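Down below is the structure, laid out as structure tokens.
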Amino acid sequence: MRVSHIFGKTLREIPSEADNISHQLLLRTTMIHQEAAGVYTYLPLAWRVLHKIEQIIRKELDTLGAQELMMPALQPFEVWERTGRYLSFGKSLFTLKDRRDRKLCLGPTHEEIITELVHYNLKSYRDLPLLLYQLQIKFRDEPRPRGGLLRAREFTMMDLYSFDRDAEGLDANYHQMIQAYQNIFERCGVSTMMVEADSGAIGGKDSHEFMVITASGEDEILYCSCCSYAANVERAQGIKSPIHHQEPLPLEEVSTPGIKTIEDLAAYLQIPKSQTLKAVFYSADDEIVFVVIRGDLEVNEVKLKNLLKCSELRLAEDTEVEKKGLVAGSASPVKITGIRIIADDSVTQETNLVAGANKPDYHLKNVNYPRDFQVDIITDVATAKVGQGCPRCHSELNSIRGIEVGHIFKLGTIFTEKLGVSFLDQEGRQSLPLMGCYGIGISRLLAAAIEQSHDEKGIIWTMPISPYQVYLCALGLEDNKVVTVAEELYACLMKEGVEILFDDRFESAGVKFNDADLLGIPLRLTISPRALKSQSVELKWRTEKESHLIPLSEATQVIVRDLTQRQDLSPGRPSPARDYEQERFQRGQVQ
RNA sequence: CGGGGUGUGGCGCAGGGGGAGCGCGCAUGGUUUGGGACCAUGAGGUCGGAGGUUCAAAUCCUCUCACCCCGACCA
């Protein structure tokens, strides 16, 4: 492809709507164009990258015996009613009506459709296991799309669904898919960490996310510095050893005029926050619940939501709290009845805490469980923190940020049961197949790859997903020799199957070099009168600072050889963005 | 949904009751060509939309739409 013909020109200035690196670079290179909030056109360069990622995915999945198919984006709403998931998706589900007033929706995911499809085609245990996948556009009416392709309302996704005879089969497929995912991301040249994840309202016992590690990531990951434990903060557990263990002292009321927050209380009484008991009130599907937790910790709403099995969870309004006869700012579980009390285990392990006195301007000292209060549930509902102990090996937890590019779930029989899918097992009995589902956000992966691999000049593509492999710069085009040599090399390399961008524009060297860097093509070749004096071509890798000359006569041969070597990434391949935390990734990629 | 912000040519921005401007980009001609050259000439905008105030509105008022950021939210 000639650069002069590429649809979409590079921009010198950053469009003001973007403040996210990948978003800025995708706009500056005109790889994407925004049509509405969270809705983008992929221009030719981006489309090539998406295709490459898709091909890597296909190759890896087909090796497992998975079969590709294509389900509709437009789905009958009725099937979402049957599984009840129109409720859990809520407003994120795009809905519409056809001319006969029949309700339809745009698929945010395809568990319903695939399960129905399998219903019509699954008869015998001999048909299992089954792995089906598609590459599809998904629609989710996100409350707030952001970051360009990182959180869009329309995006491309690979979703695979597994069906198995039994739990062992599901486990085997799940492990197989973990390996496939690790292969896929590695082949794309992005470093990911696999972490334990919340499976949310979809249920199921096992769920893992694959995170592209980058400081700009939306998700926080807690990982152990010693063992392989890594989890999304939504799910992570930290060991909360008691820090003030003492003999219980007698309960004592203290005056705390105007004190309402834990910060103020700790400062006023000159005690650490960890010596206080925090009371937080939530409305869980309209039930007000009372959560108590050690003052230095925060309630993890995901854990709480899973515990209460509610569909809506929010902080209670002050008026709702008052209606329950509680004093916001001075509330405690001491002598409180008529409300469900959930205690984080940090509270029940601790001694002599300062808690509210359930009347304004007073607190209680030396509150101890179970002497002074009772609770309905004791469990872990705290947000794990850096510095806490790893739940597996008790070493210290660290924190890092990532972008979720893959998510896998063991669904079990949730969908097959609801939609009545069964098969005849070996003994001739009706049996429910066990499902797993596995997703990769392809367009998000494209953006995440840029987040992970760029510098101040632009994108740094890894070879396997770069839109082109080579950027051929011809400098001094009024020199006929330059034109002849460049055209010849361009033709030769194309004949060899090299994907090449030929910058044939009458532009200054600076413009061409800057565009080459911005576009991030791995190898830049320069043909110029200067290099031609020594019958040479200049080679420069995007990841390296220095260029070097090779003889013109060997150019095609050398270039093809070097490209082949770099096509399949070896672990030691230099890439500035991939170097950092490299060891961690390897440790994080759990067996 | 709460809070904040922005809408003026393809991109970045200035202007703030009476001529719609600047830089980049684009076109044409010329001089240039190893890290975003220069000169000249030009094309391109219902100032997000609707209503109002006024002799006169990009500018003031009202409503509205879109987009961005923070939060809530996000299987």
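Residues in the structure tokens are named by chain (A, B, ... in the order shown) and by number from 1 within that chain; ligands are numbered from 1 in the order shown.
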
Where does DSSP see strand (DSSP E or B) in range 156-396 of chain A, if you list the residues as JSON, numbers by chain? {"A": [156, 157, 158, 159, 160, 161, 162, 163, 164, 192, 193, 194, 195, 196, 207, 208, 209, 210, 211, 212, 213, 219, 220, 221, 222, 223, 224, 230, 231, 232, 239, 252, 253, 254, 255, 276, 277, 278, 279, 280, 281, 282, 283, 284, 287, 288, 289, 290, 291, 292, 293, 294, 299, 313, 314, 315, 340, 341, 342, 343, 344, 353, 354, 355, 356, 362, 363, 364, 365, 366, 367, 377, 378, 379, 382, 389, 396]}

Fewer than 6 positions away in the same chain doesn't count, so skip those; otherwise give me all residues within 10 Å of U33 in chain B, counting only C-alpha atoms (C1' of nucleotides), as an MDAnalysis selection string. chainID A and resid 475:478 506:510

Any idea which chain B residues end up within 12 Å of chain A if we count only C-alpha atoms (C1' of nucleotides), as a VMD selection string please? chain B and resid 1 5 to 7 10 to 13 23 to 26 32 to 37 66 to 75

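Put simply, CA of Glu252 in chain A is 5.0 Å away from CA of Lys365 in chain A.
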
As a ChimeraX atom specification, list the residues of range 82-201 of chain A assigned to alpha helix (DSSP H) by DSSP on the backbone atoms of this structure. /A:82-83,85-89,111-121,167-188

Output for the residues just chosen: N, CA, C and O atoms as a short mmCIF file (atom, residue, chain, number, x, y, z; two decimals), in the first residue's frame:
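Once written, selection-v6.cif looks like this:
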```cif
data_model
loop_
_atom_site.label_atom_id
_atom_site.label_comp_id
_atom_site.auth_asym_id
_atom_site.auth_seq_id
_atom_site.Cartn_x
_atom_site.Cartn_y
_atom_site.Cartn_z
N ARG A 82 -37.03 -15.25 29.30
CA ARG A 82 -37.07 -16.60 29.84
C ARG A 82 -35.91 -16.88 30.79
O ARG A 82 -36.06 -17.64 31.74
N THR A 83 -34.75 -16.29 30.54
CA THR A 83 -33.63 -16.51 31.47
C THR A 83 -33.64 -15.47 32.58
O THR A 83 -32.86 -15.57 33.53
N ARG A 85 -32.56 -12.59 32.34
CA ARG A 85 -31.38 -11.74 32.31
C ARG A 85 -31.65 -10.32 31.84
O ARG A 85 -30.78 -9.46 31.94
N TYR A 86 -32.87 -10.09 31.29
CA TYR A 86 -33.18 -8.70 30.93
C TYR A 86 -33.15 -7.86 32.19
O TYR A 86 -32.91 -6.66 32.15
N LEU A 87 -33.36 -8.50 33.35
CA LEU A 87 -33.32 -7.76 34.62
C LEU A 87 -31.90 -7.44 35.03
O LEU A 87 -31.59 -6.31 35.37
N SER A 88 -31.02 -8.45 34.97
CA SER A 88 -29.65 -8.17 35.43
C SER A 88 -28.91 -7.26 34.46
O SER A 88 -28.05 -6.50 34.87
N PHE A 89 -29.26 -7.34 33.18
CA PHE A 89 -28.62 -6.41 32.25
C PHE A 89 -29.23 -5.02 32.34
O PHE A 89 -28.56 -4.03 32.11
N GLU A 111 -25.20 -16.06 25.39
CA GLU A 111 -25.51 -17.30 26.11
C GLU A 111 -26.90 -17.82 25.76
O GLU A 111 -27.09 -19.02 25.57
N GLU A 112 -27.87 -16.93 25.69
CA GLU A 112 -29.24 -17.34 25.41
C GLU A 112 -29.35 -17.99 24.04
O GLU A 112 -29.93 -19.07 23.88
N ILE A 113 -28.80 -17.30 23.05
CA ILE A 113 -28.93 -17.77 21.67
C ILE A 113 -28.20 -19.10 21.47
O ILE A 113 -28.73 -20.03 20.88
N ILE A 114 -27.00 -19.20 22.01
CA ILE A 114 -26.24 -20.44 21.80
C ILE A 114 -26.91 -21.61 22.52
O ILE A 114 -26.95 -22.73 22.01
N THR A 115 -27.46 -21.34 23.70
CA THR A 115 -28.08 -22.43 24.45
C THR A 115 -29.30 -22.94 23.71
O THR A 115 -29.52 -24.15 23.60
N GLU A 116 -30.08 -22.03 23.16
CA GLU A 116 -31.24 -22.43 22.36
C GLU A 116 -30.81 -23.22 21.12
O GLU A 116 -31.43 -24.21 20.76
N LEU A 117 -29.74 -22.72 20.52
CA LEU A 117 -29.24 -23.39 19.32
C LEU A 117 -28.81 -24.82 19.64
O LEU A 117 -29.11 -25.76 18.91
N VAL A 118 -28.13 -24.97 20.75
CA VAL A 118 -27.66 -26.29 21.15
C VAL A 118 -28.85 -27.18 21.50
O VAL A 118 -28.85 -28.38 21.22
N HIS A 119 -29.88 -26.60 22.05
CA HIS A 119 -31.10 -27.33 22.37
C HIS A 119 -31.61 -28.11 21.16
O HIS A 119 -32.05 -29.25 21.28
N TYR A 120 -31.56 -27.49 20.00
CA TYR A 120 -32.10 -28.13 18.80
C TYR A 120 -31.13 -29.12 18.16
O TYR A 120 -31.49 -29.84 17.25
N ASN A 121 -29.90 -29.14 18.64
CA ASN A 121 -28.90 -29.96 17.96
C ASN A 121 -28.16 -30.94 18.85
O ASN A 121 -27.24 -31.61 18.40
N ALA A 167 -18.77 -32.34 35.27
CA ALA A 167 -17.89 -31.33 35.86
C ALA A 167 -16.43 -31.55 35.46
O ALA A 167 -15.69 -30.59 35.25
N GLU A 168 -16.03 -32.80 35.34
CA GLU A 168 -14.64 -33.07 34.95
C GLU A 168 -14.39 -32.54 33.55
O GLU A 168 -13.34 -31.96 33.27
N GLY A 169 -15.37 -32.74 32.69
CA GLY A 169 -15.24 -32.24 31.33
C GLY A 169 -15.14 -30.73 31.29
O GLY A 169 -14.31 -30.16 30.57
N LEU A 170 -15.98 -30.08 32.08
CA LEU A 170 -15.96 -28.62 32.14
C LEU A 170 -14.61 -28.13 32.66
O LEU A 170 -14.01 -27.21 32.10
N ASP A 171 -14.12 -28.77 33.71
CA ASP A 171 -12.82 -28.40 34.26
C ASP A 171 -11.72 -28.53 33.21
O ASP A 171 -10.87 -27.65 33.07
N ALA A 172 -11.79 -29.63 32.47
CA ALA A 172 -10.76 -29.87 31.45
C ALA A 172 -10.82 -28.79 30.38
O ALA A 172 -9.79 -28.24 29.97
N ASN A 173 -12.02 -28.47 29.95
CA ASN A 173 -12.16 -27.43 28.93
C ASN A 173 -11.72 -26.07 29.46
O ASN A 173 -11.12 -25.28 28.75
N TYR A 174 -12.07 -25.81 30.70
CA TYR A 174 -11.71 -24.53 31.32
C TYR A 174 -10.19 -24.37 31.33
O TYR A 174 -9.66 -23.32 30.96
N HIS A 175 -9.50 -25.43 31.72
CA HIS A 175 -8.04 -25.36 31.76
C HIS A 175 -7.45 -25.26 30.37
O HIS A 175 -6.47 -24.56 30.14
N GLN A 176 -8.07 -25.95 29.44
CA GLN A 176 -7.63 -25.88 28.06
C GLN A 176 -7.78 -24.45 27.52
O GLN A 176 -6.92 -23.93 26.82
N MET A 177 -8.89 -23.81 27.91
CA MET A 177 -9.13 -22.46 27.44
C MET A 177 -8.16 -21.47 28.08
O MET A 177 -7.74 -20.51 27.44
N ILE A 178 -7.81 -21.69 29.32
CA ILE A 178 -6.81 -20.83 29.96
C ILE A 178 -5.52 -20.87 29.16
O ILE A 178 -4.93 -19.84 28.85
N GLN A 179 -5.12 -22.07 28.79
CA GLN A 179 -3.89 -22.20 28.02
C GLN A 179 -4.04 -21.51 26.66
O GLN A 179 -3.14 -20.81 26.20
N ALA A 180 -5.20 -21.71 26.04
CA ALA A 180 -5.43 -21.08 24.72
C ALA A 180 -5.37 -19.56 24.84
O ALA A 180 -4.77 -18.88 24.00
N TYR A 181 -5.96 -19.02 25.89
CA TYR A 181 -5.96 -17.57 26.09
C TYR A 181 -4.53 -17.06 26.27
O TYR A 181 -4.14 -16.05 25.73
N GLN A 182 -3.77 -17.80 27.08
CA GLN A 182 -2.39 -17.37 27.29
C GLN A 182 -1.61 -17.41 25.98
O GLN A 182 -0.83 -16.51 25.70
N ASN A 183 -1.87 -18.42 25.18
CA ASN A 183 -1.21 -18.49 23.87
C ASN A 183 -1.63 -17.32 22.99
O ASN A 183 -0.80 -16.71 22.31
N ILE A 184 -2.92 -17.03 22.98
CA ILE A 184 -3.43 -15.96 22.12
C ILE A 184 -2.77 -14.63 22.48
O ILE A 184 -2.26 -13.92 21.62
N PHE A 185 -2.77 -14.30 23.76
CA PHE A 185 -2.23 -12.99 24.15
C PHE A 185 -0.72 -12.94 23.92
O PHE A 185 -0.19 -11.91 23.49
N GLU A 186 -0.07 -14.05 24.16
CA GLU A 186 1.36 -14.09 23.93
C GLU A 186 1.67 -13.91 22.45
O GLU A 186 2.58 -13.19 22.06
N ARG A 187 0.87 -14.57 21.62
CA ARG A 187 1.09 -14.45 20.17
C ARG A 187 0.80 -13.05 19.67
O ARG A 187 1.36 -12.62 18.68
N CYS A 188 -0.11 -12.37 20.33
CA CYS A 188 -0.39 -10.98 19.96
C CYS A 188 0.72 -10.06 20.44
O CYS A 188 0.78 -8.90 20.05
#
```

So that I can see what lies close to A27 in chain B, please list as a compact mmCIF listing (two decimals) with N, CA, C and O atoms (P, O5', C5', C4', C3', O3' and C1' of nucleotides), in the first residue's frame the residues with an atom at most 12 Å from it, counting only C-alpha atoms (C1' of nucleotides) and leaving out residues fewer than 3 positions away in the same chain.
```
# COMPACT_ATOMS: atom_id res chain seq x y z
P U B 41 -0.36 36.67 -1.39
O5' U B 41 -1.32 35.79 -2.32
C5' U B 41 -1.49 36.13 -3.70
C4' U B 41 -2.19 35.01 -4.42
C3' U B 41 -3.52 34.58 -3.83
O3' U B 41 -4.59 35.43 -4.19
C1' U B 41 -2.22 32.67 -4.34
P G B 42 -5.83 35.56 -3.21
O5' G B 42 -6.35 34.05 -3.17
C5' G B 42 -7.42 33.65 -3.96
C4' G B 42 -7.55 32.15 -3.97
C3' G B 42 -8.60 31.58 -3.04
O3' G B 42 -9.90 31.78 -3.55
C1' G B 42 -6.68 30.18 -3.07
P A B 43 -11.10 31.97 -2.55
O5' A B 43 -11.50 30.45 -2.31
C5' A B 43 -11.92 29.62 -3.39
C4' A B 43 -12.01 28.19 -2.94
C3' A B 43 -12.90 27.97 -1.71
O3' A B 43 -14.25 27.86 -2.08
C1' A B 43 -10.84 26.83 -1.44
P G B 44 -15.35 28.54 -1.17
O5' G B 44 -15.29 27.63 0.13
C5' G B 44 -15.66 26.25 0.07
C4' G B 44 -15.24 25.56 1.33
C3' G B 44 -15.81 26.16 2.61
O3' G B 44 -17.11 25.64 2.85
C1' G B 44 -13.48 25.77 2.86
```

For Gln34 in chain A, list every protein, DNA or RNA residue within 12 Å, evaluated using only C-alpha atoms (C1' of nucleotides), and leave out those in the same chain fewer than 2 positions away; present the list as a count of residues only. 27

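With CA of Gly338 in chain A on one side and CA of Thr319 in chain A on the other, the separation reads 16.6 Å.
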
C47 in chain B surroundings by only C-alpha atoms (C1' of nucleotides), 9 Å radius, close-in-sequence under 4 positions cut, as a count of residues only: 3

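Reported to one decimal place, the separation of CA of Asp318 in chain A from CA of Glu253 in chain A is 24.0 Å.
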
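For A40 in chain B, the set of protein, DNA and RNA residues having any atom at most 12 Å away, when counting only C-alpha atoms (C1' of nucleotides) and skipping those fewer than 4 positions along the same chain, is U28, G29, G30 and U31 of chain B.
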
Could you dump the residues just selected with N, CA, C and O atoms (P, O5', C5', C4', C3', O3' and C1' of nucleotides) as a short mmCIF file (atom, residue, chain, number, x, y, z; two decimals), in the first residue's frame?
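Result file follows (selection-v3.cif):
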```
data_model
loop_
_atom_site.label_atom_id
_atom_site.label_comp_id
_atom_site.auth_asym_id
_atom_site.auth_seq_id
_atom_site.Cartn_x
_atom_site.Cartn_y
_atom_site.Cartn_z
P U B 28 -3.04 20.31 -6.36
"O5'" U B 28 -2.71 21.73 -6.98
"C5'" U B 28 -3.49 22.26 -8.04
"C4'" U B 28 -3.03 23.65 -8.37
"C3'" U B 28 -1.53 23.83 -8.54
"O3'" U B 28 -1.07 23.41 -9.81
"C1'" U B 28 -2.37 25.57 -7.18
P G B 29 0.37 22.78 -9.93
"O5'" G B 29 1.31 24.08 -9.86
"C5'" G B 29 1.23 25.06 -10.87
"C4'" G B 29 2.04 26.26 -10.49
"C3'" G B 29 3.48 25.98 -10.05
"O3'" G B 29 4.35 25.74 -11.15
"C1'" G B 29 2.50 27.54 -8.58
P G B 30 5.60 24.78 -10.94
"O5'" G B 30 6.58 25.64 -10.02
"C5'" G B 30 7.26 26.76 -10.57
"C4'" G B 30 7.86 27.60 -9.49
"C3'" G B 30 8.98 26.95 -8.68
"O3'" G B 30 10.21 26.90 -9.36
"C1'" G B 30 7.51 28.11 -7.23
P U B 31 11.24 25.72 -9.05
"O5'" U B 31 11.85 26.16 -7.66
"C5'" U B 31 12.65 27.33 -7.57
"C4'" U B 31 12.96 27.65 -6.13
"C3'" U B 31 13.69 26.54 -5.37
"O3'" U B 31 15.07 26.49 -5.65
"C1'" U B 31 11.92 27.37 -4.05
#
```

Residues near Ile460 in chain A, cut-off 8 Å, only C-alpha atoms (C1' of nucleotides), skip fewer than 2 positions along chain, as a list in words: Ile450, Ser453, His454, Asp455, Gly458, Thr462, Asp517, Leu519, Gly520, Ile521, Pro522, Arg542 and Thr543 of chain A
